[in-house]
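A.B. asks: Input my_file-v7.csv, format and content: CSV, C-alpha atoms.
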```csv
chain,number,residue,atom,x,y,z
A,1,MET,CA,0.0,0.0,0.0
A,2,SER,CA,1.3,3.5,-0.8
A,3,ALA,CA,2.1,5.8,2.0
A,4,PRO,CA,-0.9,8.1,1.5
A,5,ALA,CA,-3.3,5.2,1.3
A,6,ALA,CA,-1.8,3.6,4.4
A,7,LEU,CA,-2.1,6.9,6.3
A,8,VAL,CA,-5.7,7.6,5.3
A,9,SER,CA,-6.9,4.1,6.1
A,10,HIS,CA,-5.2,4.2,9.4
A,11,LEU,CA,-6.9,7.5,10.2
A,12,VAL,CA,-10.3,6.1,9.3
A,13,LEU,CA,-9.7,3.3,11.9
A,14,LEU,CA,-8.5,5.8,14.5
A,15,SER,CA,-11.4,8.1,13.9
A,16,LEU,CA,-13.9,5.3,14.6
A,17,ILE,CA,-12.3,4.5,18.0
A,18,SER,CA,-11.4,8.1,19.0
A,19,PHE,CA,-13.2,8.0,22.4
A,20,GLY,CA,-12.4,11.1,24.3
A,21,GLY,CA,-11.7,13.1,21.1
A,22,ILE,CA,-8.8,13.3,18.7
A,23,PRO,CA,-6.0,13.8,21.4
A,24,SER,CA,-6.5,10.2,22.4
A,25,VAL,CA,-5.3,9.0,18.9
A,26,LEU,CA,-2.1,11.0,19.1
A,27,PRO,CA,0.1,8.3,20.8
A,28,ASP,CA,-0.9,5.7,18.2
A,29,LEU,CA,-0.6,8.1,15.3
A,30,HIS,CA,2.8,9.3,16.5
A,31,ASP,CA,4.0,5.7,16.6
A,32,PHE,CA,2.6,5.0,13.2
A,33,VAL,CA,3.9,7.9,11.2
A,34,VAL,CA,7.1,8.7,13.1
A,35,THR,CA,8.4,5.5,14.6
A,36,ALA,CA,7.1,2.8,12.3
A,37,HIS,CA,7.2,4.5,8.9
A,38,GLY,CA,9.4,7.5,9.3
A,39,TRP,CA,7.2,9.7,7.1
A,40,LEU,CA,7.6,12.6,9.5
A,41,SER,CA,10.4,13.4,11.9
A,42,ASP,CA,9.5,13.7,15.5
A,43,ARG,CA,10.0,17.5,15.2
A,44,ASP,CA,7.6,17.7,12.2
A,45,PHE,CA,5.0,15.9,14.1
A,46,ALA,CA,5.3,18.2,17.1
A,47,ASN,CA,5.2,21.2,14.7
A,48,CYS,CA,1.9,20.0,13.1
A,49,PHE,CA,0.5,19.8,16.6
A,50,ALA,CA,1.8,23.2,17.6
A,51,VAL,CA,0.7,25.1,14.5
A,52,VAL,CA,-3.0,24.3,14.8
A,53,GLN,CA,-3.2,25.6,18.3
A,54,ALA,CA,-2.9,29.1,16.9
A,55,ILE,CA,-5.6,28.7,14.4
A,56,PRO,CA,-9.4,28.9,15.1
A,57,GLY,CA,-11.6,26.2,13.9
A,58,PRO,CA,-11.5,22.4,14.4
A,59,ASN,CA,-7.8,22.2,15.1
A,60,MET,CA,-7.2,18.5,15.5
A,61,ILE,CA,-8.8,17.7,12.1
A,62,LEU,CA,-6.5,20.4,10.7
A,63,MET,CA,-3.5,18.7,12.4
A,64,MET,CA,-4.3,15.5,10.6
A,65,SER,CA,-4.5,17.4,7.3
A,66,PHE,CA,-1.0,18.8,7.9
A,67,ILE,CA,0.3,15.3,8.6
A,68,GLY,CA,-1.3,14.2,5.3
A,69,TRP,CA,0.2,17.1,3.5
A,70,LYS,CA,3.7,16.1,4.7
A,71,VAL,CA,3.1,12.5,3.6
A,72,GLY,CA,1.5,13.1,0.2
A,73,GLY,CA,0.8,16.7,-0.7
A,74,LEU,CA,-2.6,18.4,-1.0
A,75,PRO,CA,-4.7,15.4,-2.1
A,76,THR,CA,-3.5,13.4,0.9
A,77,ALA,CA,-4.1,16.5,3.1
A,78,ILE,CA,-7.8,16.7,2.1
A,79,ALA,CA,-8.3,12.9,2.3
A,80,SER,CA,-6.7,12.9,5.8
A,81,GLY,CA,-9.1,15.6,7.0
A,82,PHE,CA,-12.1,13.7,5.7
A,83,ALA,CA,-10.8,10.4,7.1
A,84,THR,CA,-10.5,12.1,10.6
A,85,PHE,CA,-14.0,13.4,10.9
A,86,ALA,CA,-16.3,11.5,8.4
A,87,PRO,CA,-16.2,8.1,10.1
A,88,CYS,CA,-16.9,9.4,13.6
A,89,CYS,CA,-19.6,11.7,12.3
A,90,ALA,CA,-21.3,8.7,10.6
A,91,VAL,CA,-21.2,7.0,14.0
A,92,SER,CA,-22.6,10.1,15.8
A,93,PHE,CA,-25.4,10.4,13.3
A,94,SER,CA,-26.5,6.7,13.6
A,95,VAL,CA,-26.2,6.7,17.3
A,96,PHE,CA,-28.2,9.9,17.7
A,97,ARG,CA,-31.1,8.2,16.0
A,98,VAL,CA,-31.4,5.5,18.6
A,99,TRP,CA,-30.2,7.5,21.6
A,100,ASP,CA,-33.6,8.8,22.7
A,101,ARG,CA,-35.1,5.3,22.9
A,102,PHE,CA,-32.5,4.2,25.4
A,103,ARG,CA,-32.0,7.4,27.4
A,104,ASP,CA,-31.5,6.8,31.1
A,105,THR,CA,-31.7,3.1,30.8
A,106,ALA,CA,-29.5,1.2,33.3
A,107,TRP,CA,-27.2,-0.5,30.8
A,108,GLN,CA,-26.4,2.8,29.2
A,109,ARG,CA,-25.3,4.3,32.5
A,110,VAL,CA,-23.1,1.2,33.0
A,111,VAL,CA,-21.5,1.6,29.6
A,112,ARG,CA,-20.8,5.3,30.3
A,113,ARG,CA,-19.3,4.5,33.7
A,114,GLY,CA,-17.2,1.8,32.1
A,115,LEU,CA,-16.0,3.8,29.1
A,116,ALA,CA,-15.3,7.0,31.0
A,117,PRO,CA,-12.1,5.9,32.8
A,118,VAL,CA,-10.6,4.3,29.7
A,119,THR,CA,-11.3,7.4,27.8
A,120,ILE,CA,-9.7,9.6,30.4
A,121,GLY,CA,-6.5,7.4,30.4
A,122,LEU,CA,-6.3,7.7,26.6
A,123,VAL,CA,-6.7,11.5,26.7
A,124,ILE,CA,-3.9,11.9,29.3
A,125,ALA,CA,-1.7,9.6,27.3
A,126,GLY,CA,-2.2,11.9,24.3
A,127,GLY,CA,-1.0,14.9,26.3
A,128,TYR,CA,1.9,13.0,27.7
A,129,VAL,CA,3.1,11.8,24.3
A,130,MET,CA,2.9,15.3,22.9
A,131,ALA,CA,4.8,16.7,25.8
A,132,ARG,CA,7.6,14.3,25.0
A,133,ALA,CA,7.5,14.7,21.2
A,134,GLY,CA,10.1,16.8,19.4
A,135,ASP,CA,13.1,16.1,21.7
A,136,ALA,CA,11.6,18.1,24.5
A,137,GLY,CA,14.0,18.9,27.4
A,138,TRP,CA,13.3,19.5,31.1
A,139,THR,CA,12.4,23.2,30.5
A,140,SER,CA,9.7,22.0,28.0
A,141,PHE,CA,8.3,19.6,30.6
A,142,ALA,CA,8.3,22.4,33.1
A,143,VAL,CA,6.1,24.5,30.7
A,144,THR,CA,3.8,21.5,30.2
A,145,ALA,CA,3.4,20.9,33.9
A,146,ALA,CA,2.9,24.6,34.6
A,147,ALA,CA,0.2,24.9,31.9
A,148,ALA,CA,-1.6,21.8,33.2
A,149,ALA,CA,-1.5,23.1,36.8
A,150,LEU,CA,-2.6,26.6,35.9
A,151,LEU,CA,-5.6,25.3,33.8
A,152,LEU,CA,-6.6,23.1,36.7
A,153,ALA,CA,-6.2,25.5,39.5
A,154,THR,CA,-7.4,28.8,37.9
A,155,ARG,CA,-10.0,30.0,35.5
A,156,ILE,CA,-7.4,31.3,33.1
A,157,ASN,CA,-8.1,31.4,29.4
A,158,PRO,CA,-6.3,28.4,27.7
A,159,LEU,CA,-5.3,30.7,24.9
A,160,ILE,CA,-3.2,32.8,27.4
A,161,LEU,CA,-1.3,29.7,28.4
A,162,VAL,CA,-0.6,28.8,24.7
A,163,ALA,CA,0.6,32.4,24.1
A,164,ALA,CA,2.8,32.2,27.2
A,165,GLY,CA,4.3,29.0,25.9
A,166,ALA,CA,5.0,30.7,22.5
A,167,ALA,CA,6.6,33.7,24.3
A,168,LEU,CA,8.9,31.5,26.3
A,169,GLY,CA,9.8,29.7,23.2
A,170,ALA,CA,10.5,32.9,21.4
A,171,ILE,CA,13.0,34.2,24.0
A,172,GLY,CA,14.8,30.9,23.6
A,173,VAL,CA,14.5,29.3,27.0
A,174,LEU,CA,13.1,26.0,25.7
B,175,MET,CA,-7.2,25.4,22.8
B,176,ARG,CA,-10.1,23.5,21.4
B,177,SER,CA,-9.0,20.0,21.9
B,178,ALA,CA,-8.4,20.7,25.6
B,179,GLY,CA,-11.6,22.6,25.9
B,180,GLU,CA,-14.0,20.0,24.7
B,181,GLY,CA,-14.4,18.1,27.9
B,182,GLU,CA,-14.8,21.0,30.2
B,183,VAL,CA,-18.2,22.4,29.5
B,184,GLY,CA,-20.0,23.4,32.6
B,185,VAL,CA,-16.6,24.2,34.3
B,186,GLU,CA,-16.1,27.4,32.5
B,187,PRO,CA,-18.8,29.8,33.5
B,188,LEU,CA,-20.9,30.8,30.6
B,189,GLU,CA,-21.8,34.4,31.0
B,190,SER,CA,-25.5,34.8,30.8
B,191,THR,CA,-26.9,36.8,28.1
B,192,THR,CA,-27.2,40.2,29.6
B,193,SER,CA,-27.2,41.7,26.2
B,194,PRO,CA,-30.5,42.8,24.7
B,195,GLN,CA,-32.5,40.3,22.7
B,196,PRO,CA,-30.2,38.9,20.1
B,197,SER,CA,-31.2,39.4,16.5
B,198,PRO,CA,-32.6,36.4,14.6
B,199,PRO,CA,-30.8,35.1,11.5
B,200,PRO,CA,-31.2,37.4,8.4
B,201,GLY,CA,-34.6,37.0,6.8
B,202,VAL,CA,-36.2,35.4,9.7
B,203,GLU,CA,-38.8,37.1,11.9
B,204,ARG,CA,-38.9,36.2,15.5
B,205,GLU,CA,-42.6,35.4,16.3
B,206,HIS,CA,-42.5,36.1,20.0
B,207,VAL,CA,-40.0,36.0,22.8
B,208,GLY,CA,-39.2,32.5,23.9
B,209,ALA,CA,-39.9,30.9,20.5
B,210,HIS,CA,-36.9,30.0,18.5
B,211,ALA,CA,-36.3,31.0,14.9
B,212,PRO,CA,-37.0,28.3,12.3
B,213,VAL,CA,-34.0,26.1,11.9
B,214,THR,CA,-33.3,26.2,8.2
B,215,LEU,CA,-30.4,24.5,6.5
B,216,PRO,CA,-28.6,27.8,5.8
B,217,ALA,CA,-29.1,28.8,9.4
B,218,LEU,CA,-27.5,25.5,10.5
B,219,PHE,CA,-24.6,26.2,8.2
B,220,VAL,CA,-24.0,29.8,9.3
B,221,THR,CA,-24.5,29.0,13.0
B,222,PHE,CA,-21.8,26.3,13.0
B,223,LEU,CA,-19.5,28.3,10.9
B,224,LYS,CA,-19.7,31.0,13.6
B,225,VAL,CA,-19.2,28.5,16.3
B,226,SER,CA,-16.1,27.2,14.5
B,227,LEU,CA,-14.5,30.6,13.8
B,228,ALA,CA,-15.3,31.9,17.3
B,229,GLY,CA,-13.5,28.8,18.5
B,230,PHE,CA,-10.6,30.4,20.4
B,231,GLY,CA,-11.0,29.1,23.9
B,232,GLY,CA,-13.1,26.1,22.9
B,233,PRO,CA,-15.9,25.9,20.4
B,234,MET,CA,-18.0,23.9,22.8
B,235,VAL,CA,-18.5,27.0,24.9
B,236,TRP,CA,-19.6,28.9,21.8
B,237,ALA,CA,-21.8,26.1,20.6
B,238,ARG,CA,-23.8,26.3,23.8
B,239,ARG,CA,-23.9,30.1,24.0
B,240,ILE,CA,-25.2,30.4,20.4
B,241,VAL,CA,-27.5,27.4,20.1
B,242,VAL,CA,-29.0,27.7,23.6
B,243,GLU,CA,-28.8,31.3,24.7
B,244,ARG,CA,-28.8,33.2,21.5
B,245,LEU,CA,-31.0,31.2,19.1
B,246,ARG,CA,-32.9,29.2,21.7
B,247,TRP,CA,-33.0,26.2,19.4
B,248,MET,CA,-32.9,24.0,22.5
B,249,SER,CA,-33.1,24.2,26.2
B,250,ASP,CA,-30.1,23.9,28.6
B,251,ALA,CA,-31.3,20.4,29.6
B,252,GLU,CA,-31.6,19.2,26.0
B,253,PHE,CA,-28.1,20.5,25.3
B,254,ALA,CA,-26.6,18.8,28.4
B,255,ASP,CA,-28.3,15.6,27.3
B,256,LEU,CA,-26.8,15.9,23.9
B,257,LEU,CA,-23.4,16.6,25.4
B,258,THR,CA,-23.5,13.4,27.5
B,259,LEU,CA,-24.2,11.5,24.3
B,260,CYS,CA,-21.4,13.1,22.4
B,261,GLN,CA,-18.8,12.5,25.1
B,262,PHE,CA,-19.3,8.9,24.7
B,263,LEU,CA,-19.2,8.9,20.9
B,264,PRO,CA,-15.8,8.8,19.1
B,265,GLY,CA,-14.4,11.9,17.6
B,266,PRO,CA,-14.2,15.5,18.7
B,267,ASN,CA,-17.2,16.2,21.0
B,268,VAL,CA,-18.1,19.4,19.4
B,269,VAL,CA,-18.2,17.9,15.9
B,270,SER,CA,-20.7,15.3,17.2
B,271,ILE,CA,-22.7,18.2,18.7
B,272,ALA,CA,-22.9,19.8,15.2
B,273,VAL,CA,-24.0,16.6,13.6
B,274,CYS,CA,-26.6,15.9,16.3
B,275,VAL,CA,-28.1,19.4,16.3
B,276,GLY,CA,-28.4,19.3,12.5
B,277,ALA,CA,-29.9,15.8,12.6
B,278,LYS,CA,-32.4,16.8,15.3
B,279,PHE,CA,-34.0,19.6,13.3
B,280,ARG,CA,-33.4,18.6,9.7
B,281,GLY,CA,-32.3,15.0,9.5
B,282,SER,CA,-29.4,14.0,7.3
B,283,ALA,CA,-29.4,17.2,5.3
B,284,GLY,CA,-29.3,19.2,8.5
B,285,ALA,CA,-26.3,17.1,9.8
B,286,LEU,CA,-24.4,17.8,6.5
B,287,ALA,CA,-25.2,21.5,6.6
B,288,SER,CA,-24.0,21.9,10.2
B,289,LEU,CA,-20.9,19.9,9.4
B,290,ALA,CA,-20.1,21.8,6.3
B,291,GLY,CA,-20.3,25.1,8.2
B,292,PHE,CA,-18.3,23.7,11.1
B,293,ILE,CA,-15.5,22.1,9.2
B,294,LEU,CA,-15.1,22.8,5.5
B,295,VAL,CA,-14.7,26.6,5.4
B,296,PRO,CA,-12.6,27.0,8.6
B,297,CYS,CA,-10.4,24.1,7.6
B,298,ALA,CA,-9.7,25.6,4.1
B,299,VAL,CA,-8.8,29.0,5.7
B,300,GLY,CA,-6.8,27.3,8.5
B,301,PHE,CA,-4.9,25.1,6.1
B,302,ALA,CA,-3.7,28.0,4.0
B,303,LEU,CA,-2.6,29.9,7.2
B,304,GLY,CA,-0.9,26.9,8.8
B,305,ALA,CA,0.8,25.7,5.6
B,306,LEU,CA,2.5,29.1,5.5
B,307,PHE,CA,3.8,28.7,9.1
B,308,LEU,CA,5.0,25.1,8.4
B,309,ASN,CA,6.9,26.2,5.3
B,310,TYR,CA,9.0,28.4,7.5
B,311,ALA,CA,9.1,26.1,10.5
B,312,HIS,CA,12.8,25.4,10.1
B,313,LEU,CA,13.6,29.1,10.9
B,314,GLY,CA,15.1,29.4,14.4
B,315,LEU,CA,12.6,31.8,15.9
B,316,LEU,CA,9.5,30.1,14.6
B,317,GLN,CA,10.8,26.7,15.6
B,318,ASN,CA,11.3,28.0,19.2
B,319,VAL,CA,7.8,29.5,19.2
B,320,LEU,CA,6.3,26.2,18.0
B,321,ARG,CA,8.2,24.3,20.6
B,322,GLY,CA,6.8,26.5,23.4
B,323,ILE,CA,3.2,26.2,22.0
B,324,SER,CA,3.5,22.5,21.8
B,325,ALA,CA,4.7,22.2,25.4
B,326,ALA,CA,1.9,24.4,26.7
B,327,ALA,CA,-0.8,22.7,24.6
B,328,ALA,CA,0.3,19.3,25.8
B,329,GLY,CA,-0.2,20.5,29.3
B,330,LEU,CA,-3.8,21.6,28.4
B,331,ILE,CA,-4.7,18.2,27.2
B,332,ILE,CA,-3.3,16.6,30.4
B,333,ALA,CA,-5.3,19.1,32.5
B,334,THR,CA,-8.5,18.3,30.6
B,335,GLY,CA,-7.9,14.6,31.3
B,336,ALA,CA,-7.2,15.3,34.9
B,337,ARG,CA,-10.4,17.3,35.3
B,338,LEU,CA,-12.5,14.5,33.7
B,339,LEU,CA,-10.9,12.2,36.3
B,340,LEU,CA,-12.0,14.2,39.3
B,341,PRO,CA,-15.6,12.9,39.5
B,342,GLN,CA,-14.2,9.4,39.3
B,343,ARG,CA,-11.6,9.8,42.1
B,344,ARG,CA,-13.6,7.8,44.6
B,345,ARG,CA,-13.9,4.8,42.3
B,346,PRO,CA,-10.6,2.8,42.6
B,347,ILE,CA,-11.7,0.6,39.8
B,348,ALA,CA,-12.0,3.6,37.5
B,349,LEU,CA,-8.6,4.9,38.5
B,350,LEU,CA,-7.2,1.5,37.7
B,351,PHE,CA,-8.6,1.4,34.2
B,352,ALA,CA,-7.5,5.0,33.5
B,353,VAL,CA,-4.0,4.1,34.5
B,354,LEU,CA,-4.1,0.9,32.4
B,355,ALA,CA,-5.3,2.8,29.4
B,356,PHE,CA,-2.6,5.5,29.9
B,357,ALA,CA,0.2,2.9,30.4
B,358,GLY,CA,-0.9,0.8,27.4
B,359,LEU,CA,-0.9,3.7,25.0
B,360,ALA,CA,1.9,5.9,26.3
B,361,VAL,CA,4.3,3.5,28.0
B,362,VAL,CA,3.9,0.1,26.3
B,363,LYS,CA,3.0,2.0,23.1
B,364,LEU,CA,0.3,-0.5,22.1
B,365,PRO,CA,-2.0,0.4,19.1
B,366,LEU,CA,-5.1,2.3,20.2
B,367,LEU,CA,-7.5,-0.3,18.8
B,368,LEU,CA,-5.9,-3.0,20.9
B,369,VAL,CA,-6.1,-0.8,24.1
B,370,VAL,CA,-9.8,0.0,23.5
B,371,LEU,CA,-10.8,-3.6,22.6
B,372,ALA,CA,-8.9,-5.0,25.6
B,373,LEU,CA,-10.0,-2.5,28.2
B,374,ALA,CA,-13.4,-1.2,27.3
B,375,PRO,CA,-15.3,-4.5,27.7
B,376,VAL,CA,-13.6,-5.3,31.0
B,377,SER,CA,-14.1,-1.8,32.3
B,378,ILE,CA,-17.8,-1.9,31.4
B,379,ALA,CA,-18.2,-5.3,33.0
B,380,ALA,CA,-16.5,-3.9,36.2
B,381,ALA,CA,-18.9,-1.0,36.2
B,382,ALA,CA,-21.8,-3.4,35.9
B,383,ILE,CA,-20.6,-5.5,38.9
B,384,GLU,CA,-20.0,-2.3,40.8
B,385,GLY,CA,-23.5,-1.1,40.1
B,386,ALA,CA,-25.0,-4.4,41.0
B,387,ARG,CA,-23.2,-4.3,44.4
B,388,ALA,CA,-24.2,-0.8,45.1
B,389,GLY,CA,-27.8,-1.3,44.0
```
Would you mind writing the file out in structure tokens?
C.D. replies:
Amino acid sequence: MSAPAALVSHLVLLSLISFGGIPSVLPDLHDFVVTAHGWLSDRDFANCFAVVQAIPGPNMILMMSFIGWKVGGLPTAIASGFATFAPCCAVSFSVFRVWDRFRDTAWQRVVRRGLAPVTIGLVIAGGYVMARAGDAGWTSFAVTAAAAALLLATRINPLILVAAGAALGAIGVL
Amino acid sequence: MRSAGEGEVGVEPLESTTSPQPSPPPGVEREHVGAHAPVTLPALFVTFLKVSLAGFGGPMVWARRIVVERLRWMSDAEFADLLTLCQFLPGPNVVSIAVCVGAKFRGSAGALASLAGFILVPCAVGFALGALFLNYAHLGLLQNVLRGISAAAAGLIIATGARLLLPQRRRPIALLFAVLAFAGLAVVKLPLLLVVLALAPVSIAAAAIEGARAG
């Protein structure tokens, strides 16, 4: 299979199981495109992640488009974007149709309670892997830890934290 | 950051609409206060385009503010119900919200209209912008800036996960499965499919047993 086809079909699979949102697919995707196939460098992968934080709109879909762009140009970028949101949207649409019938049933609460912790572990893994991507040093980890702590402890706008990270990077301390 | 913002609706205070009655979409007359404007396909498209572009700080916050407070397409309770559903669906929560709101009012055409507004236009614009940045990513200063952004944004994702974990903190079994999912993906570096297939059924079974004991 060609690199673009392999990437797009892998994204379709990841989209279908992206419980907890797209960040939960980042560890698997990082392994697939950087470690296993070497299509992107670790640094490139981290750059794709960073660039979309500064752009409004559905940023994780955009990140997948940029990875596709690096792998196979514009056609792969478009295909990667679609592969990221179309499968999970089809699931959302189908599930929405039957949701009302089963609202508040006991088994549905059980499924939610069971899925929630797994989802949470996957999301945190996504953040952890991105914190380590791109040969991050201890100063980068300190920024990651500080951003996480501030978001948890205060009502600060996340965008300010991203901007602070950018500023610290710009003055060359990372 | 949007990916980090998705899970934290209800945590951020949504300032109540103290502004005067918001204007209905163009060409639509508001019949009386409390009734919502007709939910047409163009209205769905434009609404989710706005939600997407306003997305600094988390599109979910804006989705609620516009759909519930400004347009009154649904009540708070209906929106919360939808959010619960979307948190347990795969994919970005707010994309699922767009699909479900569209589907609720206009079926599959509505879902497509919302989705087009939410994704297609913003992605085309964002792609052009980002591609420009990435072309110059090798430059020292930009590289350093991206490094800083990446580090901070990773922290936001971790914080979002940690916040979702708070309500579960008194359930040791939930903490165990969260740790297993984290370790499987981040430490052992297993494929996501394997982690989900191995852990989800066991975790759901554990929740069922837990529920049976409690009840």
A.B. asks: Find the residues around Lys70 of chain A up to 9 Å (all atoms listed in the file counted), leave out those fewer than 4 positions away in its own chain, and share them as a list of chain:residue names.
C.D. replies: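 Answer for this query is A:Trp39, A:Leu40, A:Asp44, A:Ser65, A:Phe66, A:Leu74, A:Thr76, A:Ala77.
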A.B. asks: Figure out the distance between atom CA of Gly126 of chain A and atom CA of Pro27 of chain A, please, to one decimal in Å.
C.D. replies: 5.5 Å
A.B. asks: Which residues come within 7 Å of Ala83 of chain A, counting all atoms listed in the file, excluding same-chain residues fewer than 3 positions away, as a ChimeraX atom specification?
C.D. replies: /A:8,11-12,79-80,86-87
A.B. asks: Tell me which of B:Arg345, B:Ser226, B:Gly284, B:Leu350 sits closest to chain A, counting all atoms listed in the file.
C.D. replies: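 Nearest to chain A: B:Ser226.
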A.B. asks: For Arg132 of chain A, which of A:His37, A:His30, A:Phe19, A:Met60 is the closest residue, counting only C-alpha atoms?
C.D. replies: A:His30
A.B. asks: Hey, what's within 6 Å of Val319 of chain B if we count only C-alpha atoms and toss same-chain stuff fewer than 3 positions away? As a ChimeraX atom specification, please?
C.D. replies: /A:166,169-170 /B:316,322
A.B. asks: Can you measure atom CA of Pro375 of chain B to atom CA of Trp107 of chain A for me? One decimal in Å is fine.
C.D. replies: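 Separating atom CA of Pro375 of chain B from atom CA of Trp107 of chain A is a distance of 12.9 Å.
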A.B. asks: Please, what distance in Å, to one decimal, runs between atom CA of Asn267 of chain B and atom CA of Ile22 of chain A?
C.D. replies: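 So the answer is 9.2 Å.
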A.B. asks: Taking 2 positions as the minimum chain separation for residues in the same chain, which residues sit within 9 Å of Ala54 of chain A when counting all atoms listed in the file? Answer as a list in words.
C.D. replies: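 Near neighbours after the sequence-gap exclusion: Ala50, Val51, Val52, Pro56, Asn59, Leu159, Val162 and Ala163 of chain A; Met175, Phe230, Gly304 and Ile323 of chain B.
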